[in-house]
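Structure data (CSV, C-alpha atoms and all ligand atoms) from upload-v4.csv:
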```csv
chain,number,residue,atom,x,y,z
A,1,MET,CA,6.1,-26.7,-8.2
A,2,LEU,CA,2.5,-26.3,-7.1
A,3,GLN,CA,0.2,-23.6,-8.1
A,4,CYS,CA,-0.5,-20.7,-5.7
A,5,THR,CA,-3.7,-21.4,-3.7
A,6,ALA,CA,-4.8,-17.8,-3.4
A,7,VAL,CA,-8.4,-17.1,-4.5
A,8,THR,CA,-10.3,-13.8,-4.6
A,9,ASP,CA,-13.7,-12.6,-5.4
A,10,VAL,CA,-13.9,-10.4,-8.5
A,11,PRO,CA,-14.5,-6.7,-7.9
A,12,PHE,CA,-17.4,-7.0,-10.4
A,13,TYR,CA,-18.1,-3.4,-11.5
A,14,GLU,CA,-14.4,-2.5,-11.8
A,15,ALA,CA,-13.9,-5.7,-13.8
A,16,LEU,CA,-16.7,-4.8,-16.2
A,17,LEU,CA,-15.3,-1.3,-16.5
A,18,ALA,CA,-11.8,-2.7,-17.2
A,19,LEU,CA,-13.2,-5.1,-19.8
A,20,ALA,CA,-15.3,-2.4,-21.5
A,21,THR,CA,-12.4,0.1,-21.7
A,22,MET,CA,-9.6,-2.2,-22.7
A,23,GLU,CA,-8.4,-2.5,-26.3
A,24,GLY,CA,-9.7,-5.8,-27.8
A,25,GLY,CA,-12.0,-6.4,-24.9
A,26,PRO,CA,-15.2,-8.5,-25.1
A,27,GLU,CA,-18.3,-7.2,-26.8
A,28,HIS,CA,-20.4,-8.1,-23.8
A,29,PRO,CA,-18.3,-7.9,-20.6
A,30,THR,CA,-21.2,-9.5,-18.6
A,31,ASP,CA,-20.7,-12.7,-20.6
A,32,VAL,CA,-17.2,-13.0,-19.3
A,33,LEU,CA,-17.8,-12.5,-15.6
A,34,ALA,CA,-20.6,-13.1,-13.2
A,35,GLN,CA,-21.2,-11.0,-10.1
A,36,ASP,CA,-20.2,-13.8,-7.6
A,37,ASP,CA,-17.2,-15.2,-9.6
A,38,PHE,CA,-14.0,-16.1,-8.0
A,39,LEU,CA,-10.6,-16.0,-9.6
A,40,LEU,CA,-7.6,-18.2,-8.8
A,41,CYS,CA,-4.0,-17.0,-8.7
A,42,GLU,CA,-2.5,-18.8,-11.7
A,43,LEU,CA,1.1,-18.4,-10.7
A,44,GLY,CA,3.3,-21.0,-9.1
A,45,GLU,CA,3.8,-20.7,-5.4
A,46,HIS,CA,5.4,-17.3,-4.7
A,47,ASP,CA,6.5,-14.9,-2.1
A,48,GLU,CA,3.7,-13.1,-0.1
A,49,ALA,CA,5.2,-9.8,-1.1
A,50,ALA,CA,4.6,-10.5,-4.8
A,51,GLU,CA,1.2,-9.9,-6.3
A,52,HIS,CA,-1.2,-12.7,-7.1
A,53,ALA,CA,-2.3,-12.7,-10.7
A,54,ALA,CA,-5.5,-14.1,-12.4
A,55,HIS,CA,-6.0,-13.9,-16.1
A,56,VAL,CA,-9.3,-12.2,-16.9
A,57,TRP,CA,-9.4,-11.8,-20.7
A,58,THR,CA,-7.2,-12.3,-23.8
A,59,ALA,CA,-7.2,-9.2,-25.9
A,60,ASP,CA,-8.6,-9.6,-29.4
A,61,VAL,CA,-6.1,-7.4,-31.1
A,62,PRO,CA,-3.8,-8.5,-33.9
A,63,ASP,CA,-0.1,-8.3,-33.2
A,64,ASP,CA,-0.7,-7.3,-29.6
A,65,ASP,CA,-0.7,-9.8,-26.7
A,66,ARG,CA,-1.8,-7.5,-23.9
A,67,ASP,CA,-4.2,-9.4,-21.8
A,68,LEU,CA,-6.3,-8.2,-18.8
A,69,TRP,CA,-5.1,-9.4,-15.4
A,70,LEU,CA,-6.4,-9.0,-11.9
A,71,LEU,CA,-3.5,-8.5,-9.6
A,72,TRP,CA,-3.8,-8.4,-5.9
A,73,THR,CA,-2.1,-8.8,-2.5
A,74,GLY,CA,-3.7,-9.6,0.9
A,75,THR,CA,-7.1,-11.0,1.7
A,76,GLY,CA,-10.4,-9.7,2.9
A,77,ALA,CA,-10.4,-6.1,4.1
A,78,HIS,CA,-6.6,-6.0,3.6
A,79,ARG,CA,-6.9,-6.8,-0.1
A,80,VAL,CA,-5.2,-4.4,-2.5
A,81,TYR,CA,-6.0,-5.0,-6.1
A,82,ARG,CA,-5.7,-3.5,-9.6
A,83,PHE,CA,-6.7,-4.4,-13.1
A,84,ASP,CA,-4.0,-4.1,-15.7
A,85,THR,CA,-3.4,-5.0,-19.3
A,86,LEU,CA,0.0,-6.6,-19.6
A,87,PRO,CA,2.0,-8.4,-22.2
A,88,LEU,CA,2.6,-12.1,-21.8
A,89,CYS,CA,5.8,-13.6,-20.5
A,90,PRO,CA,8.1,-14.0,-23.6
A,91,ALA,CA,9.7,-17.2,-22.3
A,92,LEU,CA,9.4,-20.3,-24.5
A,93,LEU,CA,10.0,-23.9,-23.7
A,94,ARG,CA,11.5,-25.7,-26.7
A,95,ASP,CA,11.3,-29.5,-26.8
A,96,LEU,CA,13.8,-30.4,-29.5
A,97,ILE,CA,12.7,-34.1,-29.6
A,98,ALA,CA,9.0,-33.6,-29.8
A,99,ARG,CA,9.5,-30.4,-31.8
A,100,THR,CA,7.1,-28.4,-29.8
A,101,VAL,CA,7.3,-24.9,-28.4
A,102,THR,CA,5.3,-24.1,-25.3
A,103,SER,CA,4.9,-20.5,-24.4
A,104,CYS,CA,4.6,-19.3,-20.8
A,105,ALA,CA,1.0,-18.5,-20.0
A,106,TYR,CA,1.8,-15.8,-17.3
A,107,LEU,CA,2.2,-12.1,-17.5
A,108,ASP,CA,5.6,-10.6,-18.2
A,109,HIS,CA,7.9,-10.2,-15.2
A,110,HIS,CA,5.8,-12.6,-13.1
A,111,PRO,CA,7.3,-13.9,-9.9
A,112,GLY,CA,8.2,-17.6,-9.6
A,113,PRO,CA,8.7,-20.2,-12.3
A,114,HIS,CA,7.2,-20.3,-15.8
A,115,SER,CA,3.8,-21.9,-16.3
A,116,TRP,CA,5.0,-25.2,-17.7
A,117,THR,CA,6.6,-26.1,-14.4
A,118,VAL,CA,3.5,-25.4,-12.4
A,119,THR,CA,1.0,-28.1,-11.6
A,120,ASP,CA,-2.6,-27.5,-10.6
A,121,PRO,CA,-3.7,-30.3,-8.3
A,122,LEU,CA,-7.1,-28.7,-7.8
A,123,GLY,CA,-7.7,-28.4,-11.5
A,124,ASP,CA,-6.6,-31.9,-12.1
A,125,LEU,CA,-8.9,-33.1,-9.4
A,126,ILE,CA,-11.9,-31.3,-11.0
A,127,THR,CA,-11.0,-32.7,-14.4
A,128,GLU,CA,-10.7,-36.2,-13.0
A,129,HIS,CA,-14.1,-35.8,-11.3
A,130,ILE,CA,-15.8,-34.6,-14.5
A,131,HIS,CA,-14.3,-37.5,-16.4
A,132,ARG,CA,-15.6,-39.9,-13.8
A,133,GLU,CA,-19.1,-38.3,-13.9
A,134,VAL,CA,-19.2,-38.7,-17.7
A,135,ARG,CA,-18.1,-42.3,-17.5
A,136,ARG,CA,-20.8,-42.9,-14.8
A,137,LEU,CA,-23.5,-41.3,-16.9
A,138,THR,CA,-22.5,-43.1,-20.0
A,139,ALA,CA,-22.0,-46.5,-18.3
A,140,GLY,CA,-25.7,-47.5,-18.9
A,141,GLU,CA,-28.9,-47.2,-17.0
A,142,ASP,CA,-28.8,-50.7,-15.4
A,143,SER,CA,-25.6,-50.3,-13.4
A,144,SER,CA,-25.9,-49.1,-9.9
A,145,ASP,CA,-23.7,-46.4,-8.4
A,146,ALA,CA,-21.3,-48.9,-6.9
A,147,ASP,CA,-20.9,-50.6,-10.3
A,148,ALA,CA,-20.3,-47.4,-12.0
A,149,ASP,CA,-17.6,-46.4,-9.5
A,150,ALA,CA,-15.9,-49.8,-9.9
A,151,ASP,CA,-15.9,-49.2,-13.7
A,152,ALA,CA,-14.5,-45.7,-13.3
A,153,ASP,CA,-11.6,-47.0,-11.3
A,154,THR,CA,-10.6,-49.6,-13.8
A,155,ASP,CA,-11.4,-47.9,-17.1
A,156,GLY,CA,-8.5,-46.3,-19.0
A,157,PRO,CA,-8.9,-42.9,-20.5
B,1,ZN,ZN,-0.5,-16.1,-6.0
B,2,ZN,ZN,7.0,-17.0,-17.7
```
As structure tokens:
Amino acid sequence: MLQCTAVTDVPFYEALLALATMEGGPEHPTDVLAQDDFLLCELGEHDEAAEHAAHVWTADVPDDDRDLWLLWTGTGAHRVYRFDTLPLCPALLRDLIARTVTSCAYLDHHPGPHSWTVTDPLGDLITEHIHREVRRLTAGEDSSDADADADADTDGP
């Protein structure tokens, strides 16, 4: 299951207001968001009728997991959005062999599958690119770009 590809620009002042008024919000909302930030829908591919959801802030409140989300449908002039503080999806993935428990990273009652079944090719691509850049920069001053690229292709993690 692939991640939804919807992207939206942040309604900046409303985002700041939502951050400033939520319980457990950041001390300095302007540290969290910049005016020209974009947010990605984090859900798995879903029906057009369902709202897209981007996580904005994890509430810093003990025993309360209400996070701030930007929810929207449509694009451009047809975009309808709202900010809401919502509890996280309570679903857990238990791996009895590895003895790990993974919690779903999405909001409660989200459409589509839980977060652990969703892959993010774009995010993986960016991560891979960063790793390659780091390898290139740490490969040594003498190697040309072509050498660094060849190294990056053969080097393990
Ligand atoms: Zn979406
Ligand atoms: Zn879930």
What is the distance, in Å and to one decimal place, between CA of Ser115 in chain A and atom ZN of ligand ZN 2 (chain B)?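 We find that CA of Ser115 in chain A and atom ZN of ligand ZN 2 (chain B) lie 6.0 Å from each other.
Within 8 Å of Asp9 in chain A, once all atoms listed in the file are used and residues closer than 3 positions along the same chain are dropped, the contacting residues are Asp36, Asp37, Phe38 and Leu39 of chain A.
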Let me see if you get this right: every residue at most 7 Å from ligand ZN 1 (chain B), counting all atoms listed in the file, written as a PyMOL selection string. chain A and resi 4-6+41-46+51-53
At most 10 Å is the cut-off: for each residue in range 69-92 of chain A with any atom that close to an atom of range 12-33 of chain A, write down the nearest atom pair and the distance in Å rounded to one decimal, counting all atoms listed in the file, chain first then increasing number, as a Markdown table.
```
| residue | atom | partner | partner_atom | distance |
| --- | --- | --- | --- | --- |
| A:Trp69 | CA | A:Ala18 | CA | 9.6 |
| A:Leu70 | CA | A:Ala15 | CA | 8.4 |
| A:Arg82 | CA | A:Glu14 | CA | 9.0 |
| A:Phe83 | CA | A:Ala18 | CA | 6.8 |
| A:Asp84 | CA | A:Ala18 | CA | 8.1 |
| A:Thr85 | CA | A:Met22 | CA | 7.6 |
```
Save out the residues we just selected, C-alpha atoms, as a PDB file, in the frame of the given file.
```
ATOM      1  CA  TRP A  69      -5.100  -9.400 -15.400  1.00  0.00           C
ATOM      2  CA  LEU A  70      -6.400  -9.000 -11.900  1.00  0.00           C
ATOM      3  CA  ARG A  82      -5.700  -3.500  -9.600  1.00  0.00           C
ATOM      4  CA  PHE A  83      -6.700  -4.400 -13.100  1.00  0.00           C
ATOM      5  CA  ASP A  84      -4.000  -4.100 -15.700  1.00  0.00           C
ATOM      6  CA  THR A  85      -3.400  -5.000 -19.300  1.00  0.00           C
TER       7      THR A  85
END
```
Hey, which of A:Pro111, A:His129, A:Asp124, A:Tyr106 ends up closest to ligand ZN 2 (chain B)? Count all atoms listed in the file.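 Closest candidate: A:Tyr106.
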Work out how far CA of Val80 in chain A is from CA of Ala59 in chain A, in Å to one decimal. 24.0 Å
What separation in Å, quoted to one decimal, exists between CA of Ala77 in chain A and CA of Thr8 in chain A?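 Atom-to-atom, CA of Ala77 in chain A and CA of Thr8 in chain A are spaced 11.6 Å apart.
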Write as a list of chain:residue names the residues around ligand ZN 2 (chain B), taking 10 Å as the cut-off and counting only C-alpha atoms and all ligand atoms.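 Using only C-alpha atoms and all ligand atoms, I find these residues within 10 Å of ligand ZN 2 (chain B): A:Leu43, A:Leu88, A:Cys89, A:Pro90, A:Ala91, A:Leu92, A:Leu93, A:Ser103, A:Cys104, A:Ala105, A:Tyr106, A:Leu107, A:Asp108, A:His109, A:His110, A:Pro111, A:Gly112, A:Pro113, A:His114, A:Ser115, A:Trp116, A:Thr117.
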Go through A:Leu96, A:Ala54, A:Ile130, A:Val10 one by one, measure the shortest atom-to-atom distance of each to Leu68 in chain A using all atoms listed in the file, and give the residue with the smallest value.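 That would be A:Ala54, the residue with the smallest distance to Leu68 in chain A.
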